[in-house]
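Raw contents of protein.cif, mmCIF, N, CA and C atoms:
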data_run
loop_
_atom_site.label_atom_id
_atom_site.label_comp_id
_atom_site.auth_asym_id
_atom_site.auth_seq_id
_atom_site.Cartn_x
_atom_site.Cartn_y
_atom_site.Cartn_z
N MET A 906 52.23 -23.69 -0.52
CA MET A 906 52.45 -22.88 0.67
C MET A 906 51.13 -22.36 1.25
N ALA A 907 50.20 -21.96 0.37
CA ALA A 907 48.92 -21.42 0.87
C ALA A 907 48.16 -22.49 1.64
N GLY A 908 48.16 -23.73 1.16
CA GLY A 908 47.47 -24.81 1.86
C GLY A 908 48.07 -25.04 3.23
N ASP A 909 49.38 -24.92 3.33
CA ASP A 909 50.06 -25.09 4.62
C ASP A 909 49.64 -24.00 5.60
N ILE A 910 49.56 -22.77 5.13
CA ILE A 910 49.13 -21.66 5.97
C ILE A 910 47.69 -21.85 6.42
N GLU A 911 46.83 -22.28 5.51
CA GLU A 911 45.43 -22.53 5.88
C GLU A 911 45.32 -23.64 6.91
N ALA A 912 46.10 -24.70 6.76
CA ALA A 912 46.08 -25.81 7.72
C ALA A 912 46.58 -25.34 9.08
N ARG A 913 47.63 -24.56 9.09
CA ARG A 913 48.17 -24.05 10.36
C ARG A 913 47.17 -23.11 11.02
N LEU A 914 46.50 -22.27 10.23
CA LEU A 914 45.49 -21.36 10.76
C LEU A 914 44.32 -22.16 11.35
N HIS A 915 43.91 -23.22 10.68
CA HIS A 915 42.84 -24.09 11.18
C HIS A 915 43.22 -24.66 12.55
N VAL A 916 44.45 -25.13 12.69
CA VAL A 916 44.90 -25.68 13.98
C VAL A 916 44.92 -24.59 15.05
N MET A 917 45.44 -23.43 14.72
CA MET A 917 45.50 -22.34 15.70
C MET A 917 44.11 -21.90 16.13
N GLU A 918 43.19 -21.76 15.18
CA GLU A 918 41.82 -21.36 15.52
C GLU A 918 41.14 -22.43 16.37
N SER A 919 41.39 -23.70 16.05
CA SER A 919 40.80 -24.79 16.83
C SER A 919 41.33 -24.79 18.25
N LYS A 920 42.64 -24.64 18.41
CA LYS A 920 43.22 -24.62 19.75
C LYS A 920 42.67 -23.45 20.56
N ASP A 921 42.53 -22.30 19.93
CA ASP A 921 41.99 -21.14 20.62
C ASP A 921 40.55 -21.37 21.05
N ALA A 922 39.75 -21.97 20.17
CA ALA A 922 38.35 -22.26 20.52
C ALA A 922 38.27 -23.26 21.68
N ILE A 923 39.16 -24.24 21.70
CA ILE A 923 39.16 -25.22 22.79
C ILE A 923 39.60 -24.57 24.10
N ARG A 924 40.60 -23.71 24.06
CA ARG A 924 40.99 -22.99 25.28
C ARG A 924 39.84 -22.14 25.81
N GLU A 925 39.10 -21.51 24.90
CA GLU A 925 37.94 -20.71 25.32
C GLU A 925 36.84 -21.61 25.88
N LEU A 926 36.68 -22.80 25.33
CA LEU A 926 35.71 -23.76 25.85
C LEU A 926 36.05 -24.11 27.30
N THR A 927 37.30 -24.41 27.58
CA THR A 927 37.67 -24.78 28.95
C THR A 927 37.55 -23.58 29.89
N ALA A 928 37.84 -22.38 29.41
CA ALA A 928 37.67 -21.19 30.24
C ALA A 928 36.18 -20.95 30.52
N ALA A 929 35.35 -21.07 29.50
CA ALA A 929 33.90 -20.90 29.69
C ALA A 929 33.37 -21.95 30.67
N TYR A 930 33.90 -23.16 30.60
CA TYR A 930 33.53 -24.22 31.53
C TYR A 930 33.83 -23.78 32.97
N CYS A 931 35.02 -23.25 33.20
CA CYS A 931 35.40 -22.81 34.55
C CYS A 931 34.46 -21.72 35.06
N PHE A 932 34.17 -20.74 34.22
CA PHE A 932 33.26 -19.67 34.64
C PHE A 932 31.87 -20.22 34.95
N ALA A 933 31.38 -21.12 34.10
CA ALA A 933 30.04 -21.69 34.33
C ALA A 933 30.01 -22.53 35.61
N VAL A 934 31.07 -23.30 35.87
CA VAL A 934 31.14 -24.07 37.12
C VAL A 934 31.13 -23.13 38.31
N ALA A 935 31.97 -22.10 38.27
CA ALA A 935 32.07 -21.16 39.39
C ALA A 935 30.75 -20.43 39.64
N GLU A 936 29.98 -20.22 38.59
CA GLU A 936 28.72 -19.50 38.70
C GLU A 936 27.52 -20.43 38.87
N GLY A 937 27.77 -21.75 38.94
CA GLY A 937 26.70 -22.71 39.17
C GLY A 937 25.72 -22.83 38.02
N ARG A 938 26.18 -22.61 36.79
CA ARG A 938 25.31 -22.68 35.62
C ARG A 938 25.39 -24.06 34.97
N GLY A 939 24.79 -25.05 35.65
CA GLY A 939 24.85 -26.43 35.21
C GLY A 939 24.35 -26.66 33.80
N ALA A 940 23.24 -26.03 33.43
CA ALA A 940 22.69 -26.23 32.08
C ALA A 940 23.67 -25.74 31.01
N ASP A 941 24.36 -24.64 31.28
CA ASP A 941 25.34 -24.13 30.33
C ASP A 941 26.52 -25.09 30.20
N ILE A 942 26.92 -25.69 31.31
CA ILE A 942 28.03 -26.66 31.28
C ILE A 942 27.65 -27.84 30.40
N VAL A 943 26.47 -28.38 30.60
CA VAL A 943 26.02 -29.55 29.84
C VAL A 943 26.01 -29.23 28.35
N GLU A 944 25.66 -28.01 27.97
CA GLU A 944 25.67 -27.61 26.56
C GLU A 944 27.08 -27.64 25.97
N MET A 945 28.09 -27.61 26.81
CA MET A 945 29.47 -27.63 26.34
C MET A 945 29.94 -29.04 25.99
N PHE A 946 29.12 -30.04 26.33
CA PHE A 946 29.44 -31.44 26.04
C PHE A 946 28.72 -31.89 24.78
N ALA A 947 29.34 -32.83 24.07
CA ALA A 947 28.66 -33.51 22.98
C ALA A 947 27.46 -34.25 23.58
N SER A 948 26.47 -34.56 22.77
CA SER A 948 25.25 -35.19 23.28
C SER A 948 25.53 -36.53 23.95
N ASP A 949 26.59 -37.20 23.54
CA ASP A 949 26.99 -38.45 24.18
C ASP A 949 28.20 -38.25 25.08
N GLY A 950 28.44 -37.00 25.48
CA GLY A 950 29.62 -36.65 26.26
C GLY A 950 29.67 -37.34 27.62
N THR A 951 30.88 -37.44 28.15
CA THR A 951 31.12 -38.13 29.41
C THR A 951 32.03 -37.29 30.31
N PHE A 952 31.72 -37.31 31.60
CA PHE A 952 32.60 -36.73 32.61
C PHE A 952 32.98 -37.85 33.56
N LYS A 953 34.29 -37.98 33.83
CA LYS A 953 34.80 -38.99 34.75
C LYS A 953 35.55 -38.31 35.88
N MET A 954 35.35 -38.83 37.10
CA MET A 954 36.05 -38.26 38.25
C MET A 954 36.05 -39.27 39.39
N ARG A 955 37.23 -39.57 39.90
CA ARG A 955 37.39 -40.36 41.12
C ARG A 955 36.57 -41.66 41.11
N GLY A 956 36.66 -42.39 40.00
CA GLY A 956 35.98 -43.67 39.90
C GLY A 956 34.52 -43.61 39.51
N HIS A 957 34.01 -42.42 39.23
CA HIS A 957 32.61 -42.26 38.82
C HIS A 957 32.57 -41.77 37.38
N GLU A 958 31.45 -42.07 36.71
CA GLU A 958 31.30 -41.67 35.31
C GLU A 958 29.85 -41.26 35.05
N TRP A 959 29.70 -40.13 34.36
CA TRP A 959 28.39 -39.63 33.96
C TRP A 959 28.41 -39.44 32.46
N SER A 960 27.52 -40.13 31.75
CA SER A 960 27.50 -40.06 30.29
C SER A 960 26.11 -39.66 29.80
N GLY A 961 26.10 -38.84 28.77
CA GLY A 961 24.84 -38.40 28.17
C GLY A 961 24.27 -37.19 28.88
N THR A 962 23.42 -36.49 28.17
CA THR A 962 22.88 -35.22 28.64
C THR A 962 22.15 -35.35 29.98
N ASP A 963 21.30 -36.36 30.14
CA ASP A 963 20.52 -36.48 31.38
C ASP A 963 21.42 -36.70 32.60
N ARG A 964 22.38 -37.59 32.47
CA ARG A 964 23.28 -37.87 33.60
C ARG A 964 24.18 -36.67 33.91
N LEU A 965 24.63 -35.98 32.87
CA LEU A 965 25.45 -34.78 33.09
C LEU A 965 24.64 -33.70 33.78
N GLN A 966 23.38 -33.51 33.37
CA GLN A 966 22.53 -32.51 34.02
C GLN A 966 22.35 -32.84 35.50
N GLN A 967 22.16 -34.12 35.81
CA GLN A 967 22.01 -34.54 37.20
C GLN A 967 23.29 -34.25 37.99
N MET A 968 24.44 -34.63 37.44
CA MET A 968 25.71 -34.45 38.15
C MET A 968 26.02 -32.98 38.36
N TYR A 969 25.92 -32.16 37.33
CA TYR A 969 26.24 -30.75 37.48
C TYR A 969 25.21 -30.02 38.34
N GLY A 970 23.98 -30.46 38.34
CA GLY A 970 22.97 -29.90 39.25
C GLY A 970 23.29 -30.22 40.69
N ASP A 971 23.72 -31.46 40.96
CA ASP A 971 24.10 -31.86 42.32
C ASP A 971 25.30 -31.07 42.82
N ILE A 972 26.29 -30.88 41.95
CA ILE A 972 27.49 -30.13 42.35
C ILE A 972 27.11 -28.69 42.69
N ALA A 973 26.31 -28.08 41.84
CA ALA A 973 25.92 -26.69 42.08
C ALA A 973 25.17 -26.55 43.39
N ALA A 974 24.42 -27.58 43.77
CA ALA A 974 23.62 -27.52 45.00
C ALA A 974 24.44 -27.81 46.25
N SER A 975 25.57 -28.56 46.12
CA SER A 975 26.26 -29.02 47.32
C SER A 975 27.61 -28.36 47.59
N VAL A 976 28.27 -27.85 46.57
CA VAL A 976 29.59 -27.23 46.76
C VAL A 976 29.65 -25.95 45.93
N THR A 977 30.67 -25.17 46.17
CA THR A 977 30.87 -23.94 45.40
C THR A 977 32.26 -23.97 44.76
N PRO A 978 32.48 -24.84 43.77
CA PRO A 978 33.82 -24.95 43.19
C PRO A 978 34.20 -23.72 42.38
N LYS A 979 35.44 -23.33 42.52
CA LYS A 979 36.02 -22.24 41.73
C LYS A 979 37.27 -22.80 41.05
N PRO A 980 37.13 -23.32 39.81
CA PRO A 980 38.28 -23.93 39.13
C PRO A 980 39.12 -22.91 38.36
N TYR A 981 40.42 -23.22 38.29
CA TYR A 981 41.38 -22.39 37.56
C TYR A 981 42.22 -23.31 36.69
N ILE A 982 42.18 -23.09 35.38
CA ILE A 982 42.87 -23.94 34.40
C ILE A 982 44.21 -23.31 34.02
N GLN A 983 45.20 -24.17 33.83
CA GLN A 983 46.50 -23.70 33.35
C GLN A 983 47.23 -24.82 32.59
N ASN A 984 48.30 -24.44 31.91
CA ASN A 984 49.21 -25.38 31.24
C ASN A 984 48.48 -26.29 30.26
N HIS A 985 47.76 -25.69 29.34
CA HIS A 985 46.94 -26.43 28.39
C HIS A 985 47.77 -26.89 27.20
N VAL A 986 47.71 -28.18 26.89
CA VAL A 986 48.35 -28.76 25.72
C VAL A 986 47.26 -29.43 24.89
N ILE A 987 47.18 -29.11 23.61
CA ILE A 987 46.10 -29.60 22.75
C ILE A 987 46.68 -30.14 21.45
N GLU A 988 46.14 -31.28 21.01
CA GLU A 988 46.50 -31.87 19.73
C GLU A 988 45.23 -31.92 18.87
N ILE A 989 45.30 -31.38 17.67
CA ILE A 989 44.16 -31.32 16.76
C ILE A 989 44.30 -32.40 15.69
N ASP A 990 43.21 -33.10 15.40
CA ASP A 990 43.17 -34.07 14.32
C ASP A 990 41.83 -33.91 13.60
N GLY A 991 41.77 -32.96 12.69
CA GLY A 991 40.52 -32.69 11.97
C GLY A 991 39.46 -32.14 12.90
N ASP A 992 38.32 -32.85 13.01
CA ASP A 992 37.24 -32.42 13.88
C ASP A 992 37.29 -33.11 15.24
N ASP A 993 38.40 -33.74 15.55
CA ASP A 993 38.64 -34.36 16.86
C ASP A 993 39.92 -33.77 17.44
N ALA A 994 40.00 -33.80 18.76
CA ALA A 994 41.19 -33.28 19.42
C ALA A 994 41.33 -33.94 20.79
N THR A 995 42.54 -33.89 21.30
CA THR A 995 42.80 -34.33 22.67
C THR A 995 43.52 -33.21 23.38
N GLY A 996 43.40 -33.20 24.69
CA GLY A 996 44.07 -32.16 25.45
C GLY A 996 44.29 -32.58 26.88
N ARG A 997 45.19 -31.87 27.50
CA ARG A 997 45.49 -32.06 28.92
C ARG A 997 45.75 -30.69 29.50
N CYS A 998 45.18 -30.43 30.67
CA CYS A 998 45.43 -29.16 31.33
C CYS A 998 45.42 -29.36 32.84
N GLY A 999 46.16 -28.51 33.51
CA GLY A 999 46.16 -28.54 34.97
C GLY A 999 44.95 -27.77 35.49
N VAL A 1000 44.49 -28.17 36.67
CA VAL A 1000 43.37 -27.47 37.30
C VAL A 1000 43.62 -27.39 38.79
N GLU A 1001 43.35 -26.22 39.34
CA GLU A 1001 43.30 -26.01 40.78
C GLU A 1001 41.89 -25.56 41.10
N ILE A 1002 41.34 -26.11 42.17
CA ILE A 1002 39.96 -25.78 42.54
C ILE A 1002 39.92 -25.39 44.01
N ARG A 1003 39.27 -24.28 44.28
CA ARG A 1003 38.96 -23.88 45.65
C ARG A 1003 37.46 -24.07 45.80
N MET A 1004 37.05 -24.68 46.89
CA MET A 1004 35.61 -24.88 47.07
C MET A 1004 35.26 -24.98 48.54
N VAL A 1005 33.99 -24.85 48.81
CA VAL A 1005 33.45 -25.01 50.16
C VAL A 1005 32.45 -26.15 50.10
N HIS A 1006 32.62 -27.09 51.01
CA HIS A 1006 31.71 -28.24 51.11
C HIS A 1006 31.32 -28.40 52.57
N LYS A 1007 30.02 -28.31 52.83
CA LYS A 1007 29.48 -28.42 54.19
C LYS A 1007 30.18 -27.43 55.14
N GLY A 1008 30.39 -26.21 54.63
CA GLY A 1008 30.96 -25.14 55.44
C GLY A 1008 32.47 -25.19 55.61
N GLU A 1009 33.14 -26.15 54.97
CA GLU A 1009 34.60 -26.26 55.12
C GLU A 1009 35.28 -25.99 53.78
N ALA A 1010 36.36 -25.21 53.82
CA ALA A 1010 37.13 -24.89 52.63
C ALA A 1010 38.00 -26.09 52.23
N TYR A 1011 38.03 -26.36 50.92
CA TYR A 1011 38.84 -27.45 50.37
C TYR A 1011 39.77 -26.92 49.30
N THR A 1012 40.88 -27.60 49.11
CA THR A 1012 41.76 -27.36 47.99
C THR A 1012 41.84 -28.66 47.19
N VAL A 1013 41.73 -28.50 45.88
CA VAL A 1013 41.75 -29.64 44.97
C VAL A 1013 42.71 -29.28 43.83
N ALA A 1014 43.48 -30.25 43.38
CA ALA A 1014 44.35 -30.03 42.22
C ALA A 1014 44.44 -31.32 41.42
N GLY A 1015 44.66 -31.17 40.12
CA GLY A 1015 44.81 -32.34 39.26
C GLY A 1015 44.94 -31.95 37.82
N HIS A 1016 44.65 -32.89 36.97
CA HIS A 1016 44.69 -32.69 35.52
C HIS A 1016 43.38 -33.16 34.92
N TYR A 1017 42.93 -32.44 33.89
CA TYR A 1017 41.87 -32.92 33.03
C TYR A 1017 42.53 -33.56 31.81
N PHE A 1018 42.14 -34.76 31.49
CA PHE A 1018 42.51 -35.41 30.24
C PHE A 1018 41.24 -35.37 29.39
N ASP A 1019 41.26 -34.57 28.34
CA ASP A 1019 40.06 -34.29 27.57
C ASP A 1019 40.14 -34.85 26.15
N THR A 1020 38.97 -35.20 25.63
CA THR A 1020 38.81 -35.39 24.20
C THR A 1020 37.72 -34.42 23.78
N TYR A 1021 37.89 -33.86 22.59
CA TYR A 1021 36.98 -32.85 22.08
C TYR A 1021 36.49 -33.30 20.71
N ARG A 1022 35.32 -32.81 20.35
CA ARG A 1022 34.75 -33.08 19.03
C ARG A 1022 34.09 -31.81 18.53
N ARG A 1023 34.35 -31.50 17.26
CA ARG A 1023 33.67 -30.35 16.65
C ARG A 1023 32.35 -30.86 16.07
N GLU A 1024 31.25 -30.29 16.58
CA GLU A 1024 29.92 -30.63 16.10
C GLU A 1024 29.26 -29.37 15.59
N ASP A 1025 28.81 -29.40 14.35
CA ASP A 1025 28.16 -28.23 13.75
C ASP A 1025 29.01 -26.97 13.89
N GLY A 1026 30.32 -27.14 13.72
CA GLY A 1026 31.24 -26.01 13.77
C GLY A 1026 31.65 -25.56 15.15
N THR A 1027 31.17 -26.23 16.20
CA THR A 1027 31.47 -25.83 17.58
C THR A 1027 32.23 -26.95 18.30
N TRP A 1028 33.34 -26.59 18.94
CA TRP A 1028 34.08 -27.57 19.74
C TRP A 1028 33.34 -27.85 21.04
N ARG A 1029 33.22 -29.13 21.37
CA ARG A 1029 32.56 -29.57 22.60
C ARG A 1029 33.41 -30.65 23.27
N PHE A 1030 33.16 -30.85 24.54
CA PHE A 1030 33.81 -31.95 25.25
C PHE A 1030 33.16 -33.27 24.83
N ALA A 1031 33.95 -34.20 24.34
CA ALA A 1031 33.47 -35.56 24.13
C ALA A 1031 33.67 -36.33 25.45
N GLU A 1032 34.78 -36.02 26.13
CA GLU A 1032 35.04 -36.63 27.44
C GLU A 1032 35.97 -35.74 28.24
N ARG A 1033 35.64 -35.58 29.52
CA ARG A 1033 36.53 -34.94 30.49
C ARG A 1033 36.82 -35.99 31.54
N ASP A 1034 38.08 -36.29 31.74
CA ASP A 1034 38.51 -37.28 32.71
C ASP A 1034 39.40 -36.56 33.72
N PHE A 1035 38.85 -36.34 34.91
CA PHE A 1035 39.52 -35.54 35.94
C PHE A 1035 40.31 -36.46 36.87
N HIS A 1036 41.63 -36.30 36.86
CA HIS A 1036 42.53 -37.04 37.74
C HIS A 1036 43.01 -36.09 38.83
N THR A 1037 42.81 -36.46 40.08
CA THR A 1037 43.19 -35.56 41.17
C THR A 1037 44.56 -35.91 41.74
N PHE A 1038 45.29 -34.87 42.13
CA PHE A 1038 46.53 -35.03 42.89
C PHE A 1038 46.21 -34.97 44.38
N HIS A 1039 45.37 -34.02 44.74
CA HIS A 1039 44.90 -33.94 46.12
C HIS A 1039 43.49 -33.36 46.14
N TRP A 1040 42.75 -33.70 47.20
CA TRP A 1040 41.39 -33.23 47.44
C TRP A 1040 41.24 -33.24 48.95
N VAL A 1041 41.64 -32.15 49.58
CA VAL A 1041 41.74 -32.14 51.04
C VAL A 1041 41.20 -30.84 51.62
N PRO A 1042 40.78 -30.89 52.90
CA PRO A 1042 40.41 -29.63 53.57
C PRO A 1042 41.61 -28.68 53.55
N LEU A 1043 41.32 -27.41 53.29
CA LEU A 1043 42.39 -26.42 53.22
C LEU A 1043 43.17 -26.36 54.54
N ALA A 1044 42.49 -26.51 55.67
CA ALA A 1044 43.18 -26.45 56.96
C ALA A 1044 44.20 -27.58 57.11
N LYS A 1045 43.95 -28.70 56.47
CA LYS A 1045 44.89 -29.84 56.54
C LYS A 1045 46.06 -29.65 55.58
N GLY A 1046 45.79 -29.10 54.41
CA GLY A 1046 46.83 -28.93 53.40
C GLY A 1046 47.07 -30.21 52.63
N TRP A 1047 47.90 -30.12 51.59
CA TRP A 1047 48.10 -31.27 50.72
C TRP A 1047 49.38 -32.03 51.00
N ALA A 1048 50.21 -31.55 51.91
CA ALA A 1048 51.48 -32.22 52.19
C ALA A 1048 51.31 -33.44 53.06
#

Rendering of file as structure tokens:
Amino acid sequence: MAGDIEARLHVMESKDAIRELTAAYCFAVAEGRGADIVEMFASDGTFKMRGHEWSGTDRLQQMYGDIAASVTPKPYIQNHVIEIDGDDATGRCGVEIRMVHKGEAYTVAGHYFDTYRREDGTWRFAERDFHTFHWVPLAKGWA
């Protein structure tokens, strides 16, 4: 019974750490802290979005630096589902993003399909794969 409780506690603590990772990611994106975002990825981590892919620290730094310079995304995460398998995990969560691009307000919504890896006791993104439902000017709407 004690081993079962320890295993369940391990899963609960891991899920909580991953939820905090995604929350910290949202705050760092909203605040334009690209270097902090990159630290949340494994050294070989990958971000995928709309047919593009950025892998490794250098490419991630470039991508997050470009985003911070060109748009002001404010992401909001919800409906997080996480599966733990030792030091690896998968997850899916909904995301809504409000942002301004070239002076125009946009609304974005979709799902992140994530894989996570625990490195040196810390959960990091191994891959974030962002699938969008809509990415449109707010004045146009998503309908």

Run DSSP on the backbone and grab whatever in chain A lands in helix (DSSP H, G or I); send it over as a compact mmCIF listing (two decimals) with N, CA and C atoms, keeping the file's coordinate frame.
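As a result, out_2.txt now contains:
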# COMPACT_ATOMS: atom_id res chain seq x y z
N ALA A 907 50.20 -21.96 0.37
CA ALA A 907 48.92 -21.42 0.87
C ALA A 907 48.16 -22.49 1.64
N GLY A 908 48.16 -23.73 1.16
CA GLY A 908 47.47 -24.81 1.86
C GLY A 908 48.07 -25.04 3.23
N ASP A 909 49.38 -24.92 3.33
CA ASP A 909 50.06 -25.09 4.62
C ASP A 909 49.64 -24.00 5.60
N ILE A 910 49.56 -22.77 5.13
CA ILE A 910 49.13 -21.66 5.97
C ILE A 910 47.69 -21.85 6.42
N GLU A 911 46.83 -22.28 5.51
CA GLU A 911 45.43 -22.53 5.88
C GLU A 911 45.32 -23.64 6.91
N ALA A 912 46.10 -24.70 6.76
CA ALA A 912 46.08 -25.81 7.72
C ALA A 912 46.58 -25.34 9.08
N ARG A 913 47.63 -24.56 9.09
CA ARG A 913 48.17 -24.05 10.36
C ARG A 913 47.17 -23.11 11.02
N LEU A 914 46.50 -22.27 10.23
CA LEU A 914 45.49 -21.36 10.76
C LEU A 914 44.32 -22.16 11.35
N HIS A 915 43.91 -23.22 10.68
CA HIS A 915 42.84 -24.09 11.18
C HIS A 915 43.22 -24.66 12.55
N VAL A 916 44.45 -25.13 12.69
CA VAL A 916 44.90 -25.68 13.98
C VAL A 916 44.92 -24.59 15.05
N MET A 917 45.44 -23.43 14.72
CA MET A 917 45.50 -22.34 15.70
C MET A 917 44.11 -21.90 16.13
N GLU A 918 43.19 -21.76 15.18
CA GLU A 918 41.82 -21.36 15.52
C GLU A 918 41.14 -22.43 16.37
N SER A 919 41.39 -23.70 16.05
CA SER A 919 40.80 -24.79 16.83
C SER A 919 41.33 -24.79 18.25
N LYS A 920 42.64 -24.64 18.41
CA LYS A 920 43.22 -24.62 19.75
C LYS A 920 42.67 -23.45 20.56
N ASP A 921 42.53 -22.30 19.93
CA ASP A 921 41.99 -21.14 20.62
C ASP A 921 40.55 -21.37 21.05
N ALA A 922 39.75 -21.97 20.17
CA ALA A 922 38.35 -22.26 20.52
C ALA A 922 38.27 -23.26 21.68
N ILE A 923 39.16 -24.24 21.70
CA ILE A 923 39.16 -25.22 22.79
C ILE A 923 39.60 -24.57 24.10
N ARG A 924 40.60 -23.71 24.06
CA ARG A 924 40.99 -22.99 25.28
C ARG A 924 39.84 -22.14 25.81
N GLU A 925 39.10 -21.51 24.90
CA GLU A 925 37.94 -20.71 25.32
C GLU A 925 36.84 -21.61 25.88
N LEU A 926 36.68 -22.80 25.33
CA LEU A 926 35.71 -23.76 25.85
C LEU A 926 36.05 -24.11 27.30
N THR A 927 37.30 -24.41 27.58
CA THR A 927 37.67 -24.78 28.95
C THR A 927 37.55 -23.58 29.89
N ALA A 928 37.84 -22.38 29.41
CA ALA A 928 37.67 -21.19 30.24
C ALA A 928 36.18 -20.95 30.52
N ALA A 929 35.35 -21.07 29.50
CA ALA A 929 33.90 -20.90 29.69
C ALA A 929 33.37 -21.95 30.67
N TYR A 930 33.90 -23.16 30.60
CA TYR A 930 33.53 -24.22 31.53
C TYR A 930 33.83 -23.78 32.97
N CYS A 931 35.02 -23.25 33.20
CA CYS A 931 35.40 -22.81 34.55
C CYS A 931 34.46 -21.72 35.06
N PHE A 932 34.17 -20.74 34.22
CA PHE A 932 33.26 -19.67 34.64
C PHE A 932 31.87 -20.22 34.95
N ALA A 933 31.38 -21.12 34.10
CA ALA A 933 30.04 -21.69 34.33
C ALA A 933 30.01 -22.53 35.61
N VAL A 934 31.07 -23.30 35.87
CA VAL A 934 31.14 -24.07 37.12
C VAL A 934 31.13 -23.13 38.31
N ALA A 935 31.97 -22.10 38.27
CA ALA A 935 32.07 -21.16 39.39
C ALA A 935 30.75 -20.43 39.64
N GLY A 939 24.79 -25.05 35.65
CA GLY A 939 24.85 -26.43 35.21
C GLY A 939 24.35 -26.66 33.80
N ALA A 940 23.24 -26.03 33.43
CA ALA A 940 22.69 -26.23 32.08
C ALA A 940 23.67 -25.74 31.01
N ASP A 941 24.36 -24.64 31.28
CA ASP A 941 25.34 -24.13 30.33
C ASP A 941 26.52 -25.09 30.20
N ILE A 942 26.92 -25.69 31.31
CA ILE A 942 28.03 -26.66 31.28
C ILE A 942 27.65 -27.84 30.40
N VAL A 943 26.47 -28.38 30.60
CA VAL A 943 26.02 -29.55 29.84
C VAL A 943 26.01 -29.23 28.35
N GLU A 944 25.66 -28.01 27.97
CA GLU A 944 25.67 -27.61 26.56
C GLU A 944 27.08 -27.64 25.97
N GLY A 961 26.10 -38.84 28.77
CA GLY A 961 24.84 -38.40 28.17
C GLY A 961 24.27 -37.19 28.88
N THR A 962 23.42 -36.49 28.17
CA THR A 962 22.88 -35.22 28.64
C THR A 962 22.15 -35.35 29.98
N ASP A 963 21.30 -36.36 30.14
CA ASP A 963 20.52 -36.48 31.38
C ASP A 963 21.42 -36.70 32.60
N ARG A 964 22.38 -37.59 32.47
CA ARG A 964 23.28 -37.87 33.60
C ARG A 964 24.18 -36.67 33.91
N LEU A 965 24.63 -35.98 32.87
CA LEU A 965 25.45 -34.78 33.09
C LEU A 965 24.64 -33.70 33.78
N GLN A 966 23.38 -33.51 33.37
CA GLN A 966 22.53 -32.51 34.02
C GLN A 966 22.35 -32.84 35.50
N GLN A 967 22.16 -34.12 35.81
CA GLN A 967 22.01 -34.54 37.20
C GLN A 967 23.29 -34.25 37.99
N MET A 968 24.44 -34.63 37.44
CA MET A 968 25.71 -34.45 38.15
C MET A 968 26.02 -32.98 38.36
N TYR A 969 25.92 -32.16 37.33
CA TYR A 969 26.24 -30.75 37.48
C TYR A 969 25.21 -30.02 38.34
N GLY A 970 23.98 -30.46 38.34
CA GLY A 970 22.97 -29.90 39.25
C GLY A 970 23.29 -30.22 40.69
N ASP A 971 23.72 -31.46 40.96
CA ASP A 971 24.10 -31.86 42.32
C ASP A 971 25.30 -31.07 42.82
N ILE A 972 26.29 -30.88 41.95
CA ILE A 972 27.49 -30.13 42.35
C ILE A 972 27.11 -28.69 42.69
N ALA A 973 26.31 -28.08 41.84
CA ALA A 973 25.92 -26.69 42.08
C ALA A 973 25.17 -26.55 43.39
N ALA A 974 24.42 -27.58 43.77
CA ALA A 974 23.62 -27.52 45.00
C ALA A 974 24.44 -27.81 46.25
N SER A 975 25.57 -28.56 46.12
CA SER A 975 26.26 -29.02 47.32
C SER A 975 27.61 -28.36 47.59

### Task
Name the residues captured by the PyMOL selection byres ((chain A and resi 1034) around 6.5) when it is applied to the shown file; answer as number ranges by chain.
A: 951-954, 1016-1020, 1032-1033, 1035-1036

### Query
Between A:Val1013, A:Arg924, A:Ile1002, A:Arg1023, which has the minimum distance to Tyr981 (chain A) (counting all atoms listed in the file)?
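Selected residue with least distance to Tyr981 (chain A): A:Ile1002.
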
### Atom pair atom C of Lys979 (chain A) / CA of Val1041 (chain A): separation (Å)
14.4 Å

### Message
Counting only N, CA and C atoms, which residue out of A:Ala940, A:Ala1048, A:Ala1014, A:Leu926 sits closest to Gly970 (chain A)?
### Response
A:Ala940

### Task
Enter the distance from atom C of Arg1003 (chain A) to CA of Ala935 (chain A), in Å, rounded to one decimal.
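CA of Ala935 (chain A) lies at a distance of 8.9 Å from atom C of Arg1003 (chain A).
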